[in-house]
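Coordinates as given in protein-v2.pdb (PDB, C-alpha atoms):
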```
ATOM      1  CA  MET A   1      10.830  16.718 -19.662  1.00  0.00           C
ATOM      2  CA  PRO A   2      11.517  20.010 -17.876  1.00  0.00           C
ATOM      3  CA  GLU A   3       8.930  20.717 -15.232  1.00  0.00           C
ATOM      4  CA  SER A   4       7.918  24.067 -16.680  1.00  0.00           C
ATOM      5  CA  THR A   5       7.041  22.715 -20.145  1.00  0.00           C
ATOM      6  CA  HIS A   6       4.405  20.070 -19.421  1.00  0.00           C
ATOM      7  CA  SER A   7       1.013  21.166 -20.759  1.00  0.00           C
ATOM      8  CA  ASP A   8      -1.049  19.382 -18.089  1.00  0.00           C
ATOM      9  CA  PRO A   9      -1.002  21.368 -14.822  1.00  0.00           C
ATOM     10  CA  LEU A  10      -1.541  18.270 -12.685  1.00  0.00           C
ATOM     11  CA  ILE A  11       1.385  16.453 -14.284  1.00  0.00           C
ATOM     12  CA  ALA A  12       3.507  19.599 -14.003  1.00  0.00           C
ATOM     13  CA  LYS A  13       2.747  19.696 -10.274  1.00  0.00           C
ATOM     14  CA  TRP A  14       3.642  16.001  -9.855  1.00  0.00           C
ATOM     15  CA  ILE A  15       6.936  16.564 -11.661  1.00  0.00           C
ATOM     16  CA  THR A  16       7.768  19.641  -9.621  1.00  0.00           C
ATOM     17  CA  THR A  17       6.832  18.102  -6.278  1.00  0.00           C
ATOM     18  CA  LEU A  18       7.926  14.477  -6.629  1.00  0.00           C
ATOM     19  CA  LYS A  19      10.786  14.801  -9.138  1.00  0.00           C
ATOM     20  CA  PRO A  20      10.383  11.471 -10.964  1.00  0.00           C
ATOM     21  CA  THR A  21      12.903  10.083 -13.382  1.00  0.00           C
ATOM     22  CA  ILE A  22      11.813   9.717 -16.998  1.00  0.00           C
ATOM     23  CA  GLN A  23      12.288   6.622 -19.137  1.00  0.00           C
ATOM     24  CA  ASP A  24      10.677   5.919 -22.505  1.00  0.00           C
ATOM     25  CA  GLU A  25       8.307   8.885 -21.974  1.00  0.00           C
ATOM     26  CA  TYR A  26       7.060   7.402 -18.675  1.00  0.00           C
ATOM     27  CA  LEU A  27       7.280   9.222 -15.374  1.00  0.00           C
ATOM     28  CA  LEU A  28       8.989   6.809 -12.979  1.00  0.00           C
ATOM     29  CA  PHE A  29       8.103   7.623  -9.394  1.00  0.00           C
ATOM     30  CA  SER A  30       9.533   4.282  -8.192  1.00  0.00           C
ATOM     31  CA  PRO A  31      12.255   3.268 -10.678  1.00  0.00           C
ATOM     32  CA  HIS A  32      13.717   0.682  -8.275  1.00  0.00           C
ATOM     33  CA  VAL A  33      10.705  -1.625  -8.818  1.00  0.00           C
ATOM     34  CA  ALA A  34      10.269  -1.042 -12.568  1.00  0.00           C
ATOM     35  CA  SER A  35      11.309  -4.503 -13.736  1.00  0.00           C
ATOM     36  CA  HIS A  36      11.154  -6.755 -10.675  1.00  0.00           C
ATOM     37  CA  ASN A  37       9.345  -6.888  -7.366  1.00  0.00           C
ATOM     38  CA  ASP A  38       7.434  -9.394  -5.276  1.00  0.00           C
ATOM     39  CA  GLY A  39       3.922 -10.545  -6.076  1.00  0.00           C
ATOM     40  CA  PHE A  40       3.775 -10.620  -9.867  1.00  0.00           C
ATOM     41  CA  GLU A  41       6.123 -11.606 -12.661  1.00  0.00           C
ATOM     42  CA  SER A  42       6.593  -8.884 -15.269  1.00  0.00           C
ATOM     43  CA  HIS A  43       6.494 -11.369 -18.167  1.00  0.00           C
ATOM     44  CA  PHE A  44       2.872 -12.264 -17.268  1.00  0.00           C
ATOM     45  CA  PHE A  45       1.808  -9.086 -19.095  1.00  0.00           C
ATOM     46  CA  ASP A  46       2.753 -10.712 -22.414  1.00  0.00           C
ATOM     47  CA  ASP A  47       0.019 -13.338 -22.024  1.00  0.00           C
ATOM     48  CA  LEU A  48      -2.409 -11.031 -20.249  1.00  0.00           C
ATOM     49  CA  TYR A  49      -2.384  -8.556 -23.131  1.00  0.00           C
ATOM     50  CA  GLU A  50      -3.396 -11.317 -25.548  1.00  0.00           C
ATOM     51  CA  LEU A  51      -6.105 -12.787 -23.284  1.00  0.00           C
ATOM     52  CA  GLU A  52      -7.981  -9.752 -21.999  1.00  0.00           C
ATOM     53  CA  SER A  53      -9.905  -8.593 -25.038  1.00  0.00           C
ATOM     54  CA  ASN A  54     -11.389 -12.045 -25.755  1.00  0.00           C
ATOM     55  CA  HIS A  55     -11.952 -13.426 -22.264  1.00  0.00           C
ATOM     56  CA  PHE A  56     -15.426 -13.229 -20.711  1.00  0.00           C
ATOM     57  CA  TRP A  57     -14.158 -12.265 -17.246  1.00  0.00           C
ATOM     58  CA  PHE A  58     -12.194  -9.226 -18.406  1.00  0.00           C
ATOM     59  CA  LYS A  59     -15.023  -8.097 -20.695  1.00  0.00           C
ATOM     60  CA  ALA A  60     -17.617  -8.465 -17.922  1.00  0.00           C
ATOM     61  CA  ARG A  61     -15.409  -6.601 -15.451  1.00  0.00           C
ATOM     62  CA  ASN A  62     -15.078  -3.682 -17.876  1.00  0.00           C
ATOM     63  CA  GLN A  63     -18.835  -3.603 -18.424  1.00  0.00           C
ATOM     64  CA  LEU A  64     -19.418  -3.538 -14.668  1.00  0.00           C
ATOM     65  CA  ILE A  65     -16.905  -0.739 -14.044  1.00  0.00           C
ATOM     66  CA  VAL A  66     -18.267   1.392 -16.882  1.00  0.00           C
ATOM     67  CA  SER A  67     -21.892   0.868 -15.835  1.00  0.00           C
ATOM     68  CA  LEU A  68     -21.115   1.831 -12.222  1.00  0.00           C
ATOM     69  CA  LEU A  69     -19.278   4.959 -13.333  1.00  0.00           C
ATOM     70  CA  LYS A  70     -22.205   5.924 -15.576  1.00  0.00           C
ATOM     71  CA  LYS A  71     -24.683   5.360 -12.760  1.00  0.00           C
ATOM     72  CA  TYR A  72     -22.866   6.924  -9.799  1.00  0.00           C
ATOM     73  CA  HIS A  73     -20.463   9.450 -11.287  1.00  0.00           C
ATOM     74  CA  PRO A  74     -21.319  10.137 -14.949  1.00  0.00           C
ATOM     75  CA  ASP A  75     -19.792  13.612 -15.146  1.00  0.00           C
ATOM     76  CA  PHE A  76     -16.308  13.021 -13.759  1.00  0.00           C
ATOM     77  CA  SER A  77     -13.593  14.962 -15.530  1.00  0.00           C
ATOM     78  CA  ASN A  78     -10.380  13.251 -14.326  1.00  0.00           C
ATOM     79  CA  TYR A  79      -9.587   9.601 -13.769  1.00  0.00           C
ATOM     80  CA  LEU A  80      -6.442   7.984 -12.366  1.00  0.00           C
ATOM     81  CA  GLU A  81      -6.130   4.233 -12.522  1.00  0.00           C
ATOM     82  CA  ILE A  82      -3.569   2.840 -10.113  1.00  0.00           C
ATOM     83  CA  GLY A  83      -2.421  -0.560 -11.290  1.00  0.00           C
ATOM     84  CA  CYS A  84      -3.518  -0.251 -14.912  1.00  0.00           C
ATOM     85  CA  GLY A  85      -1.652  -3.357 -16.078  1.00  0.00           C
ATOM     86  CA  THR A  86      -1.985  -3.439 -19.856  1.00  0.00           C
ATOM     87  CA  GLY A  87      -4.486  -0.586 -19.909  1.00  0.00           C
ATOM     88  CA  TYR A  88      -7.520  -2.725 -20.689  1.00  0.00           C
ATOM     89  CA  VAL A  89      -9.850  -1.120 -18.121  1.00  0.00           C
ATOM     90  CA  THR A  90      -8.627   2.392 -18.870  1.00  0.00           C
ATOM     91  CA  THR A  91      -9.319   1.765 -22.567  1.00  0.00           C
ATOM     92  CA  ALA A  92     -12.959   0.972 -21.790  1.00  0.00           C
ATOM     93  CA  ILE A  93     -13.244   4.121 -19.697  1.00  0.00           C
ATOM     94  CA  ALA A  94     -11.660   6.181 -22.469  1.00  0.00           C
ATOM     95  CA  SER A  95     -14.122   4.923 -25.057  1.00  0.00           C
ATOM     96  CA  ASN A  96     -17.160   5.490 -22.805  1.00  0.00           C
ATOM     97  CA  PHE A  97     -16.088   8.841 -21.338  1.00  0.00           C
ATOM     98  CA  PRO A  98     -14.249  10.632 -24.156  1.00  0.00           C
ATOM     99  CA  ALA A  99     -14.262  14.025 -22.411  1.00  0.00           C
ATOM    100  CA  THR A 100     -12.480  12.669 -19.322  1.00  0.00           C
ATOM    101  CA  THR A 101      -8.785  13.344 -18.818  1.00  0.00           C
ATOM    102  CA  LEU A 102      -7.163  10.003 -18.076  1.00  0.00           C
ATOM    103  CA  TYR A 103      -4.035   9.091 -16.154  1.00  0.00           C
ATOM    104  CA  ALA A 104      -2.811   5.557 -15.584  1.00  0.00           C
ATOM    105  CA  SER A 105      -0.058   4.048 -13.500  1.00  0.00           C
ATOM    106  CA  GLU A 106       1.529   0.656 -13.151  1.00  0.00           C
ATOM    107  CA  ILE A 107       4.394  -0.755 -11.134  1.00  0.00           C
ATOM    108  CA  PHE A 108       6.006  -2.570 -14.107  1.00  0.00           C
ATOM    109  CA  LEU A 109       7.489  -1.055 -17.247  1.00  0.00           C
ATOM    110  CA  ASN A 110       6.386  -4.157 -19.168  1.00  0.00           C
ATOM    111  CA  GLY A 111       2.757  -3.404 -18.289  1.00  0.00           C
ATOM    112  CA  LEU A 112       3.180   0.225 -19.323  1.00  0.00           C
ATOM    113  CA  LYS A 113       4.556  -0.920 -22.676  1.00  0.00           C
ATOM    114  CA  TYR A 114       1.224  -2.605 -23.442  1.00  0.00           C
ATOM    115  CA  ALA A 115      -0.822   0.191 -21.903  1.00  0.00           C
ATOM    116  CA  LYS A 116       0.912   2.655 -24.238  1.00  0.00           C
ATOM    117  CA  GLN A 117      -0.243   0.600 -27.238  1.00  0.00           C
ATOM    118  CA  ARG A 118      -3.835   0.806 -26.049  1.00  0.00           C
ATOM    119  CA  LEU A 119      -3.662   4.345 -24.675  1.00  0.00           C
ATOM    120  CA  PRO A 120      -1.289   6.425 -26.803  1.00  0.00           C
ATOM    121  CA  ASN A 121      -2.727   9.739 -25.554  1.00  0.00           C
ATOM    122  CA  VAL A 122      -2.830   8.962 -21.827  1.00  0.00           C
ATOM    123  CA  GLN A 123      -0.139  10.067 -19.380  1.00  0.00           C
ATOM    124  CA  LEU A 124       1.341   6.822 -18.058  1.00  0.00           C
ATOM    125  CA  SER A 125       3.575   6.606 -15.026  1.00  0.00           C
ATOM    126  CA  LEU A 126       5.303   4.031 -12.887  1.00  0.00           C
ATOM    127  CA  ILE A 127       4.126   4.291  -9.299  1.00  0.00           C
ATOM    128  CA  HIS A 128       4.621   1.949  -6.357  1.00  0.00           C
ATOM    129  CA  ILE A 129       2.211   2.708  -3.535  1.00  0.00           C
TER     130      ILE A 129
END
```

Go ahead and render the structure in this file as structure tokens.
Amino acid sequence: MPESTHSDPLIAKWITTLKPTIQDEYLLFSPHVASHNDGFESHFFDDLYELESNHFWFKARNQLIVSLLKKYHPDFSNYLEIGCGTGYVTTAIASNFPATTLYASEIFLNGLKYAKQRLPNVQLSLIHI
């Protein structure tokens, strides 16, 4: 993805400034942690993806996040989720704020794989902060 051809000016700036690698259409700002790092096992995303949409805790968390955004910042135009996991929260935000430009990042490629299924039109990137 040459830096001068990305249609989103924010993404173009990230690419120009930070020079990420690209793998499977994802911008990798921290490729050295893409498949393994401390604190979480990448294979947990396989189960998490199946559980989230039917589990009361994940559903309630999404409802809380969306209601707080509607109450305190209803007209936001850009949203970056750091640590998007499988994209479950970002999906709720996308459906409730369709005019918002969304970006999502995760530290694991396995999480981004699931996020891409839920968010095919969102710029996903691998970031380790």

- Task: Provide the atom CA of Gln63 of chain A to atom CA of Phe97 of chain A distance in Å, to one decimal place.
- Result: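 Separation of atom CA of Gln63 of chain A and atom CA of Phe97 of chain A: 13.1 Å.
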
On this structure, the PyMOL selection byres ((chain A and resi 123) around 9) would catch which residues? List them as a short mmCIF file (atom, residue, chain, number, x, y, z; two decimals) with C-alpha atoms, keeping the file's coordinate frame, sorted by chain and number.
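The result, written out as selection-v1.cif:
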```
data_model
loop_
_atom_site.label_atom_id
_atom_site.label_comp_id
_atom_site.auth_asym_id
_atom_site.auth_seq_id
_atom_site.Cartn_x
_atom_site.Cartn_y
_atom_site.Cartn_z
CA ILE A 11 1.38 16.45 -14.28
CA GLU A 25 8.31 8.88 -21.97
CA TYR A 26 7.06 7.40 -18.68
CA LEU A 27 7.28 9.22 -15.37
CA LEU A 102 -7.16 10.00 -18.08
CA TYR A 103 -4.04 9.09 -16.15
CA ALA A 104 -2.81 5.56 -15.58
CA SER A 105 -0.06 4.05 -13.50
CA LYS A 116 0.91 2.66 -24.24
CA LEU A 119 -3.66 4.34 -24.68
CA PRO A 120 -1.29 6.42 -26.80
CA ASN A 121 -2.73 9.74 -25.55
CA VAL A 122 -2.83 8.96 -21.83
CA LEU A 124 1.34 6.82 -18.06
CA SER A 125 3.58 6.61 -15.03
#
```

- Message: Which residues would end up in the selection if the PyMOL selection byres ((chain A and resi 79-86) around 9) were applied here, given that I need the answer as number ranges by chain?
- Response: A: 45, 48-49, 52, 76-78, 87-90, 93, 100-108, 110-118, 127-129

- What is the distance, in Å and to one decimal place, between atom CA of Tyr72 of chain A and atom CA of Thr91 of chain A?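 Computing it gives 19.3 Å between the two atoms.
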
- Query: In Å to one decimal, how far is atom CA of Leu64 of chain A from atom CA of Leu126 of chain A?
  - Reply: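 It comes out at 25.9 Å.
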
- Given the choices A:Asn96, A:Thr21, A:Ser30, A:Asn37, which gets closest to Leu69 of chain A if the distance is worked out from only C-alpha atoms?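 For Leu69 of chain A, the nearest of the candidates is A:Asn96.
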
- Counting all atoms listed in the file, which of A:Gly39, A:Phe44, A:Ala92, A:Ala34 gets nearest to Ile65 of chain A? A:Ala92

Because some atoms of segment 90-104 of chain A are absent here, can you restore N, CA and C atoms and send them as a short mmCIF file (atom, residue, chain, number, x, y, z; two decimals), in the coordinates of the input?
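After the write, result_4.cif holds the following:
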```cif
data_model
loop_
_atom_site.label_atom_id
_atom_site.label_comp_id
_atom_site.auth_asym_id
_atom_site.auth_seq_id
_atom_site.Cartn_x
_atom_site.Cartn_y
_atom_site.Cartn_z
N THR A 90 -8.71 0.97 -18.52
CA THR A 90 -8.63 2.39 -18.87
C THR A 90 -9.10 2.62 -20.30
N THR A 91 -8.85 1.67 -21.19
CA THR A 91 -9.32 1.76 -22.57
C THR A 91 -10.85 1.80 -22.63
N ALA A 92 -11.49 0.97 -21.83
CA ALA A 92 -12.96 0.97 -21.79
C ALA A 92 -13.49 2.30 -21.26
N ILE A 93 -12.82 2.83 -20.26
CA ILE A 93 -13.24 4.12 -19.70
C ILE A 93 -13.04 5.23 -20.73
N ALA A 94 -11.93 5.18 -21.44
CA ALA A 94 -11.66 6.18 -22.47
C ALA A 94 -12.71 6.16 -23.56
N SER A 95 -13.14 4.98 -23.97
CA SER A 95 -14.12 4.92 -25.06
C SER A 95 -15.53 5.31 -24.60
N ASN A 96 -15.83 5.15 -23.32
CA ASN A 96 -17.16 5.49 -22.80
C ASN A 96 -17.26 6.90 -22.22
N PHE A 97 -16.12 7.49 -21.92
CA PHE A 97 -16.09 8.84 -21.34
C PHE A 97 -15.03 9.66 -22.07
N PRO A 98 -15.28 9.99 -23.33
CA PRO A 98 -14.25 10.63 -24.16
C PRO A 98 -13.82 12.02 -23.67
N ALA A 99 -14.64 12.69 -22.89
CA ALA A 99 -14.26 14.02 -22.41
C ALA A 99 -13.41 13.98 -21.14
N THR A 100 -13.23 12.81 -20.57
CA THR A 100 -12.48 12.67 -19.32
C THR A 100 -10.98 12.68 -19.59
N THR A 101 -10.24 13.38 -18.76
CA THR A 101 -8.78 13.34 -18.82
C THR A 101 -8.33 12.13 -18.02
N LEU A 102 -7.57 11.27 -18.68
CA LEU A 102 -7.16 10.00 -18.08
C LEU A 102 -5.69 9.99 -17.72
N TYR A 103 -5.40 9.35 -16.60
CA TYR A 103 -4.04 9.09 -16.15
C TYR A 103 -4.01 7.63 -15.75
N ALA A 104 -2.90 6.96 -15.97
CA ALA A 104 -2.81 5.56 -15.58
C ALA A 104 -1.41 5.27 -15.07
#
```
